[in-house]
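Enquirer: Input structure_19.cif, format and content: mmCIF, C-alpha atoms.
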```cif
data_entry
loop_
_atom_site.label_atom_id
_atom_site.label_comp_id
_atom_site.auth_asym_id
_atom_site.auth_seq_id
_atom_site.Cartn_x
_atom_site.Cartn_y
_atom_site.Cartn_z
CA MET A 1 163.36 75.69 293.05
CA LEU A 2 160.06 73.79 293.16
CA LEU A 3 159.01 70.26 292.35
CA VAL A 4 156.37 68.79 290.13
CA LEU A 5 153.32 66.80 291.27
CA LEU A 6 150.67 65.57 288.85
CA ALA A 7 147.17 64.18 289.26
CA CYS A 8 144.83 61.95 287.30
CA SER A 9 141.99 63.07 285.04
CA GLY A 10 138.71 61.91 283.57
CA GLN A 11 135.90 62.78 281.19
CA VAL A 12 133.96 65.96 280.47
CA ALA A 13 130.76 66.21 282.49
CA ASP A 14 127.49 67.53 281.03
CA SER A 15 126.28 69.05 284.27
CA ALA A 16 127.56 71.53 286.81
CA PRO A 17 127.55 70.06 290.33
CA GLU A 18 127.86 72.29 293.33
CA ALA A 19 131.35 72.72 294.73
CA PRO A 20 132.15 69.94 297.19
CA ILE A 21 133.38 70.52 300.68
CA LEU A 22 137.08 69.70 300.96
CA GLU A 23 138.08 70.59 304.46
CA PRO A 24 141.62 72.02 304.73
CA PRO A 25 144.19 69.92 306.59
CA ASP A 26 144.98 70.72 310.17
CA ALA A 27 147.81 73.26 310.24
CA SER A 28 150.09 70.62 311.74
CA GLU A 29 149.49 68.33 308.73
CA GLY A 30 149.52 70.68 305.75
CA PHE A 31 147.59 73.45 303.99
CA GLN A 32 145.02 74.13 301.27
CA LEU A 33 145.38 76.03 297.98
CA ALA A 34 142.02 77.22 296.64
CA MET A 35 140.55 79.22 293.77
CA THR A 36 137.04 79.93 292.45
CA ALA A 37 135.75 81.51 289.24
CA THR A 38 132.61 81.72 287.09
CA ALA A 39 132.14 80.33 283.57
CA GLU A 40 129.26 82.01 281.76
CA PRO A 41 127.22 79.96 279.23
CA TYR A 42 129.10 79.07 276.03
CA SER A 43 132.34 80.61 277.28
CA GLU A 44 136.00 79.69 277.72
CA VAL A 45 137.57 80.73 281.03
CA TRP A 46 141.34 80.87 281.42
CA ALA A 47 141.84 82.49 284.81
CA CYS A 48 145.00 83.00 286.87
CA GLU A 49 144.92 83.85 290.57
CA VAL A 50 148.08 85.14 292.27
CA TYR A 51 148.37 84.79 296.05
CA PRO A 52 151.00 84.06 298.71
CA MET A 53 151.88 80.48 299.64
CA PRO A 54 149.86 79.69 302.81
CA ALA A 55 152.88 78.27 304.65
CA GLU A 56 155.52 80.03 306.73
CA GLU A 57 158.16 77.29 306.67
CA LEU A 58 159.59 74.78 304.22
CA SER A 59 156.80 72.35 303.27
CA ASN A 60 157.72 68.73 302.53
CA VAL A 61 154.64 67.65 300.56
CA ASN A 62 154.31 63.86 300.40
CA TRP A 63 150.73 63.57 299.15
CA ILE A 64 147.77 65.64 297.98
CA GLU A 65 144.02 65.39 297.58
CA PHE A 66 142.01 67.60 295.24
CA ALA A 67 138.51 68.56 294.11
CA GLN A 68 137.55 70.48 290.97
CA ASN A 69 134.88 70.70 288.28
CA PRO A 70 134.55 67.60 286.09
CA GLY A 71 135.74 68.38 282.58
CA THR A 72 138.29 70.99 283.63
CA HIS A 73 140.63 71.34 280.67
CA HIS A 74 143.54 71.83 283.04
CA MET A 75 144.61 73.51 286.24
CA THR A 76 148.13 74.21 287.45
CA LEU A 77 149.92 75.59 290.48
CA SER A 78 153.15 77.39 289.66
CA ALA A 79 155.73 79.65 291.25
CA PRO A 80 156.96 82.63 289.22
CA SER A 81 160.71 82.84 288.82
CA LEU A 82 162.87 84.59 291.40
CA TYR A 83 162.95 87.64 289.13
CA GLU A 84 159.15 87.74 289.01
CA GLN A 85 158.48 87.04 292.69
CA GLY A 86 156.70 90.05 294.15
CA THR A 87 156.14 91.69 290.75
CA LEU A 88 152.70 90.20 290.03
CA GLU A 89 149.73 91.92 291.60
CA TYR A 90 147.74 89.67 293.92
CA GLY A 91 144.28 88.82 292.64
CA ARG A 92 142.63 87.65 289.42
CA HIS A 93 144.29 87.93 285.99
CA ASP A 94 143.36 86.85 282.48
CA CYS A 95 145.95 84.12 281.82
CA GLU A 96 146.16 84.79 278.09
CA GLU A 97 147.01 88.44 278.70
CA LEU A 98 149.38 87.57 281.54
CA TYR A 99 151.38 85.09 279.46
CA ARG A 100 151.24 87.10 276.23
CA ASP A 101 152.78 90.18 277.82
CA SER A 102 155.61 88.39 279.66
CA ASP A 103 157.93 85.39 279.72
CA LEU A 104 156.01 84.01 282.68
CA MET A 105 154.93 80.74 281.04
CA GLY A 106 158.50 79.75 280.25
CA ASP A 107 159.98 81.06 283.50
CA ALA A 108 157.42 79.84 286.04
CA THR A 109 157.94 76.45 287.69
CA MET A 110 154.88 74.21 287.91
CA PHE A 111 154.65 72.21 291.11
CA TYR A 112 151.22 70.66 290.57
CA GLY A 113 149.00 69.98 287.56
CA ASN A 114 145.65 68.32 286.97
CA GLN A 115 143.30 67.70 284.08
CA GLY A 116 139.72 66.48 284.08
CA SER A 117 139.07 64.45 287.23
CA ALA A 118 136.59 65.75 289.78
CA SER A 119 138.55 64.47 292.79
CA GLY A 120 141.35 62.17 293.82
CA GLU A 121 144.66 61.72 295.60
CA MET A 122 148.31 61.45 294.59
CA HIS A 123 150.96 59.90 296.84
CA LEU A 124 154.73 60.01 296.57
CA PRO A 125 156.80 57.08 297.90
CA GLU A 126 157.59 56.98 301.59
CA GLY A 127 160.23 59.56 302.48
CA VAL A 128 160.00 61.34 299.11
CA ALA A 129 158.70 64.91 299.12
CA ALA A 130 158.11 67.93 296.94
CA GLN A 131 159.82 70.64 298.96
CA LEU A 132 158.05 74.00 298.66
CA PRO A 133 159.75 77.12 300.05
CA PRO A 134 157.73 79.45 302.29
CA ASN A 135 156.72 83.03 301.52
CA ILE A 136 156.60 82.65 297.74
CA ASP A 137 153.94 83.80 295.29
CA VAL A 138 151.64 81.12 293.87
CA LEU A 139 150.09 81.30 290.39
CA HIS A 140 146.87 79.24 290.45
CA GLU A 141 145.56 78.64 286.93
CA VAL A 142 142.24 77.18 285.78
CA HIS A 143 141.24 76.59 282.13
CA TYR A 144 137.62 75.56 281.55
CA VAL A 145 135.35 75.48 278.50
CA ASN A 146 131.61 75.71 279.22
CA PRO A 147 129.64 74.47 276.17
CA THR A 148 126.29 74.57 278.02
CA GLU A 149 123.58 77.17 278.45
CA GLU A 150 124.08 77.11 282.23
CA THR A 151 126.46 79.24 284.28
CA VAL A 152 129.11 77.05 285.93
CA GLU A 153 130.68 78.04 289.23
CA LEU A 154 134.28 76.86 289.05
CA TYR A 155 136.27 75.56 292.01
CA SER A 156 139.81 74.26 292.34
CA LEU A 157 140.83 72.94 295.77
CA VAL A 158 144.12 71.22 296.60
CA ASN A 159 145.10 69.93 300.04
CA ALA A 160 148.84 69.43 300.49
CA TYR A 161 149.91 67.05 303.27
CA THR A 162 153.44 67.31 304.62
CA ILE A 163 155.98 65.16 306.47
CA PRO A 164 158.70 66.33 308.90
CA SER A 165 162.07 67.21 307.40
CA ALA A 166 163.67 64.42 309.46
CA GLU A 167 161.60 61.88 307.49
CA VAL A 168 162.59 63.17 304.04
CA THR A 169 164.98 60.83 302.24
CA SER A 170 164.74 62.31 298.73
CA GLY A 171 163.21 65.18 296.79
CA ILE A 172 161.71 65.28 293.33
CA TRP A 173 162.04 67.44 290.25
CA GLY A 174 160.66 67.38 286.74
CA GLY A 175 158.75 69.34 284.18
CA SER A 176 157.08 69.36 280.80
CA VAL A 177 158.96 69.11 277.50
CA ARG A 178 156.92 70.94 274.85
CA ASP A 179 156.95 70.75 271.07
CA GLU A 180 156.07 74.32 270.11
CA ASN A 181 156.59 73.70 266.37
CA ILE A 182 153.34 71.95 265.49
CA PHE A 183 151.82 72.19 262.00
CA ILE A 184 148.75 70.03 261.42
CA PRO A 185 147.56 70.22 257.79
CA PRO A 186 143.86 70.75 257.06
CA ALA A 187 141.58 67.71 256.65
CA SER A 188 144.26 65.22 257.67
CA THR A 189 145.57 62.80 260.27
CA HIS A 190 149.07 63.93 261.18
CA THR A 191 151.87 62.69 263.47
CA GLU A 192 154.94 64.46 264.85
CA TRP A 193 157.61 63.14 267.23
CA SER A 194 160.45 64.46 269.36
CA ARG A 195 163.41 62.88 271.18
CA CYS A 196 165.05 64.13 274.34
CA VAL A 197 167.89 62.86 276.53
CA MET A 198 168.53 63.51 280.21
CA ASN A 199 171.54 65.62 281.14
CA ARG A 200 171.75 63.83 284.52
CA ASP A 201 171.18 60.30 285.82
CA VAL A 202 167.59 60.13 287.11
CA GLU A 203 164.97 57.69 288.33
CA VAL A 204 161.60 58.49 286.76
CA LEU A 205 158.55 58.16 289.05
CA PHE A 206 155.80 59.52 286.78
CA LEU A 207 155.18 60.05 283.06
CA ALA A 208 152.17 61.80 281.52
CA SER A 209 150.92 63.22 278.24
CA HIS A 210 149.11 66.38 277.18
CA THR A 211 147.38 67.34 273.93
CA HIS A 212 144.22 69.25 273.09
CA GLU A 213 141.00 67.92 271.53
CA LEU A 214 142.41 66.98 268.10
CA GLY A 215 144.83 64.54 269.75
CA VAL A 216 143.91 60.90 269.01
CA ASN A 217 147.08 59.15 270.18
CA PHE A 218 150.16 59.83 272.32
CA GLU A 219 153.02 57.29 272.46
CA ILE A 220 156.27 57.14 274.45
CA ARG A 221 159.33 54.99 273.69
CA ARG A 222 162.66 54.69 275.48
CA PHE A 223 165.48 56.38 273.51
CA ASP A 224 169.07 55.24 274.07
CA GLY A 225 170.60 58.23 272.34
CA VAL A 226 170.72 56.44 268.97
CA GLU A 227 167.54 54.43 268.49
CA ALA A 228 164.02 54.41 269.91
CA GLY A 229 162.66 51.21 271.43
CA PRO A 230 159.13 49.78 271.41
CA VAL A 231 156.12 51.76 272.64
CA PHE A 232 155.63 51.31 276.40
CA TYR A 233 153.13 54.15 276.98
CA ASP A 234 150.04 54.63 274.78
CA ASN A 235 147.18 57.07 275.36
CA ASP A 236 144.24 57.60 272.98
CA ASP A 237 142.15 59.85 275.24
CA TRP A 238 143.14 63.53 275.18
CA HIS A 239 140.88 64.26 278.19
CA ASP A 240 143.03 61.97 280.31
CA PRO A 241 146.80 62.64 280.58
CA LYS A 242 147.16 59.01 281.73
CA ILE A 243 149.61 59.76 284.49
CA VAL A 244 151.55 56.56 285.14
CA GLN A 245 153.32 56.06 288.47
CA TYR A 246 156.11 53.49 288.41
CA GLU A 247 156.47 51.55 291.64
CA GLU A 248 159.92 50.54 290.41
CA PRO A 249 161.37 53.78 289.01
CA LEU A 250 162.56 53.89 285.41
CA ILE A 251 166.37 54.19 285.56
CA VAL A 252 167.39 56.73 282.90
CA PRO A 253 171.15 57.37 282.65
CA GLU A 254 172.58 60.62 281.37
CA GLY A 255 172.47 60.61 277.56
CA GLU A 256 169.34 58.47 277.37
CA GLY A 257 165.71 59.53 277.45
CA PHE A 258 162.47 59.28 275.53
CA GLU A 259 160.84 59.61 272.13
CA TRP A 260 157.25 60.83 272.29
CA SER A 261 154.85 61.22 269.40
CA CYS A 262 151.47 62.87 268.95
CA THR A 263 148.87 62.00 266.33
CA TRP A 264 146.06 64.45 265.61
CA ASP A 265 142.92 64.25 263.48
CA ASN A 266 142.13 67.63 261.97
CA PRO A 267 138.74 67.64 260.20
CA SER A 268 138.79 71.38 259.57
CA GLY A 269 139.89 73.26 256.50
CA ASP A 270 142.52 75.19 258.47
CA GLU A 271 146.07 74.41 259.48
CA ILE A 272 146.31 74.01 263.26
CA THR A 273 149.47 75.07 265.10
CA TYR A 274 150.84 75.14 268.63
CA GLY A 275 149.01 77.43 271.01
CA LEU A 276 147.61 77.94 274.48
CA THR A 277 143.83 77.98 273.90
CA ALA A 278 141.48 75.07 273.35
CA ALA A 279 141.40 75.86 269.61
CA ASP A 280 145.17 75.29 269.31
CA GLU A 281 147.21 72.13 269.85
CA MET A 282 150.00 70.83 272.08
CA CYS A 283 152.28 67.81 272.36
CA ASN A 284 153.80 67.81 275.85
CA LEU A 285 155.71 65.09 277.69
CA ALA A 286 155.62 65.42 281.50
CA ILE A 287 158.36 63.81 283.62
CA VAL A 288 158.74 63.59 287.42
CA HIS A 289 161.92 62.08 288.84
CA THR A 290 164.31 61.78 291.71
CA PRO A 291 166.71 63.13 292.78
CA PHE A 292 165.89 66.78 293.27
CA ASP A 293 168.27 68.56 290.88
CA LEU A 294 167.61 72.10 289.65
CA THR A 295 169.78 71.52 286.58
CA ALA A 296 168.24 68.21 285.50
CA LEU A 297 166.23 68.28 282.30
CA CYS A 298 165.45 66.26 279.19
CA GLU A 299 167.15 68.08 276.32
CA VAL A 300 165.58 67.80 272.85
CA VAL A 301 168.08 66.37 270.36
CA GLU A 302 165.91 65.42 267.36
CA THR A 303 162.41 66.05 265.98
CA SER A 304 160.40 64.73 263.05
CA ASP A 305 160.33 68.16 261.40
CA GLY A 306 164.00 68.89 262.08
CA VAL A 307 163.21 71.86 264.31
CA LEU A 308 164.97 71.81 267.67
CA TYR A 309 163.64 73.82 270.60
CA SER A 310 164.32 74.53 274.23
CA PRO A 311 162.70 72.17 276.79
#
```
Would you mind writing the file out in structure tokens?

Expert:
Amino acid sequence: MLLVLLACSGQVADSAPEAPILEPPDASEGFQLAMTATAEPYSEVWACEVYPMPAEELSNVNWIEFAQNPGTHHMTLSAPSLYEQGTLEYGRHDCEELYRDSDLMGDATMFYGNQGSASGEMHLPEGVAAQLPPNIDVLHEVHYVNPTEETVELYSLVNAYTIPSAEVTSGIWGGSVRDENIFIPPASTHTEWSRCVMNRDVEVLFLASHTHELGVNFEIRRFDGVEAGPVFYDNDDWHDPKIVQYEEPLIVPEGEGFEWSCTWDNPSGDEITYGLTAADEMCNLAIVHTPFDLTALCEVVETSDGVLYSP
């Protein structure tokens, strides 16, 4: 139903600047999605705001600009599934409670995600657009850890700029493939990998990584369905998902895909497993591709621990 856009990220800031002014686009050019919240001293905020999409017609989003607090762990914009549209009360929710009591995390479709950077832009190729239906509910999520003694006023602003339907030559699709079977032994450096293959021919525009603070390395290799090739993507900074845009798309035929691996350093005396909070860990591969195809996905076929899971 919706398409995925991603944005760059940076480092954690040690101060709390005032929210910048990001003027919304003119109505003829696009729209703004906005959310604010408050992070008390020494607190973790995981807030979800539900509101209607501020557009009354199909929106062909070709590029975005954004502004948010430096050091934001992540923010996302998602659309609940068709079954959940209209069932979520508008307003503020605690994300952990919202996801714990429903299948929303697995069913919702993310159409934008960001981690860390205070501001920036993301452009799709000419004629390529993320096509967002009108009159849908939006789930705006912000996750922020405030380790300071100061109250931090949180802001998350995204301007979406559109192009006319007559100019659209292709749409995009994509998503995140998650390893939810993570077991990091205490006092150890530990690596796990997964392999997935596309069920459709695609041309990959973006790749990105996501771990939490124990992550020390994330690698991606091409996988031909039998063997994995050399590392062509390497990220050693968990703050930065290192979103790579390929000017010449990566051609990935059906039956081929990627191997991605995560290495963590766990200095604690406890085993760390997959989870949603900053104290847990993740190992997610994000893919954005053309063409727009609701059924296209990278299906997991092998993992280092032998546990297969749904993408």

Enquirer: Let me make sure I understand: among A:Leu250, A:Val45, A:Gly127, A:Glu57, which one has the smallest atom-to-atom distance to A:Arg92 if we use all atoms listed in the file?

Expert: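 Between A:Leu250, A:Val45, A:Gly127, A:Glu57, the residue approaching A:Arg92 most closely is A:Val45.
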
Enquirer: My list of candidates is A:Ala130, A:Asp201, A:Ala47, A:Pro54. Which is closest to A:His93 when distances are computed with all atoms listed in the file?

Expert: A:Ala47

Enquirer: When you count only C-alpha atoms, which of these residues is closest to A:Pro24: A:Val158, A:His212, A:Val244, A:Gly120?

Expert: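 Residue with the minimum atom-to-atom distance to A:Pro24: A:Val158.
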
Enquirer: Written as a PDB file with C-alpha atoms, in the frame of the given file, which residues does the PyMOL selection byres ((chain A and resi 148) around 9) give for the file shown?

Expert:
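In the end it all went to out28.pdb:
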```pdb
ATOM      1  CA  ASP A  14     127.490  67.530 281.030  1.00  0.00           C
ATOM      2  CA  SER A  15     126.280  69.050 284.270  1.00  0.00           C
ATOM      3  CA  GLU A  40     129.260  82.010 281.760  1.00  0.00           C
ATOM      4  CA  PRO A  41     127.220  79.960 279.230  1.00  0.00           C
ATOM      5  CA  TYR A  42     129.100  79.070 276.030  1.00  0.00           C
ATOM      6  CA  SER A  43     132.340  80.610 277.280  1.00  0.00           C
ATOM      7  CA  ASN A 146     131.610  75.710 279.220  1.00  0.00           C
ATOM      8  CA  PRO A 147     129.640  74.470 276.170  1.00  0.00           C
ATOM      9  CA  GLU A 149     123.580  77.170 278.450  1.00  0.00           C
ATOM     10  CA  GLU A 150     124.080  77.110 282.230  1.00  0.00           C
ATOM     11  CA  THR A 151     126.460  79.240 284.280  1.00  0.00           C
ATOM     12  CA  VAL A 152     129.110  77.050 285.930  1.00  0.00           C
TER      13      VAL A 152
END
```

Enquirer: Anything within 12 Å of (157.3, 68.6, 293.8): list those residues as a ChimeraX atom specification, counting only C-alpha atoms and sticking to the file's coordinates.

Expert: /A:1-7,59-64,77-79,109-113,122-124,128-133,160,162,170-175,205-206,287-294

Enquirer: Please determine, counting all atoms listed in the file, which residue among A:Ser119, A:Asn284, A:Asn266, A:Ser102 has the shortest atom-to-atom distance to A:Pro185.

Expert: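 Comparing A:Ser119, A:Asn284, A:Asn266, A:Ser102 against A:Pro185, the winner is A:Asn266.
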
Enquirer: Because the input lacks atoms here, generate N, CA and C atoms for stretch 94-106 of chain A and report them as a tab-separated table (two decimals), keeping the file's coordinate frame.

Expert:
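As a result, selection.tsv now contains:
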```
chain	number	residue	atom	x	y	z
A	94	ASP	N	143.64	87.63	283.67
A	94	ASP	CA	143.36	86.85	282.48
A	94	ASP	C	144.66	86.17	282.06
A	95	CYS	N	144.69	84.83	282.07
A	95	CYS	CA	145.95	84.12	281.82
A	95	CYS	C	146.53	84.45	280.45
A	96	GLU	N	145.65	84.53	279.44
A	96	GLU	CA	146.16	84.79	278.09
A	96	GLU	C	146.91	86.12	278.04
A	97	GLU	N	146.35	87.14	278.66
A	97	GLU	CA	147.01	88.44	278.70
A	97	GLU	C	148.29	88.37	279.53
A	98	LEU	N	148.22	87.67	280.65
A	98	LEU	CA	149.38	87.57	281.54
A	98	LEU	C	150.56	86.91	280.84
A	99	TYR	N	150.31	85.81	280.14
A	99	TYR	CA	151.38	85.09	279.46
A	99	TYR	C	151.83	85.79	278.19
A	100	ARG	N	150.89	86.43	277.49
A	100	ARG	CA	151.24	87.10	276.23
A	100	ARG	C	152.18	88.27	276.46
A	101	ASP	N	152.01	88.96	277.56
A	101	ASP	CA	152.78	90.18	277.82
A	101	ASP	C	154.05	89.95	278.63
A	102	SER	N	154.43	88.67	278.85
A	102	SER	CA	155.61	88.39	279.66
A	102	SER	C	156.20	87.04	279.28
A	103	ASP	N	157.32	86.70	279.90
A	103	ASP	CA	157.93	85.39	279.72
A	103	ASP	C	157.52	84.43	280.83
A	104	LEU	N	156.41	84.74	281.49
A	104	LEU	CA	156.01	84.01	282.68
A	104	LEU	C	155.81	82.52	282.42
A	105	MET	N	155.19	82.16	281.29
A	105	MET	CA	154.93	80.74	281.04
A	105	MET	C	156.22	79.94	280.98
A	106	GLY	N	157.24	80.47	280.35
A	106	GLY	CA	158.50	79.75	280.25
A	106	GLY	C	159.32	79.80	281.53
```
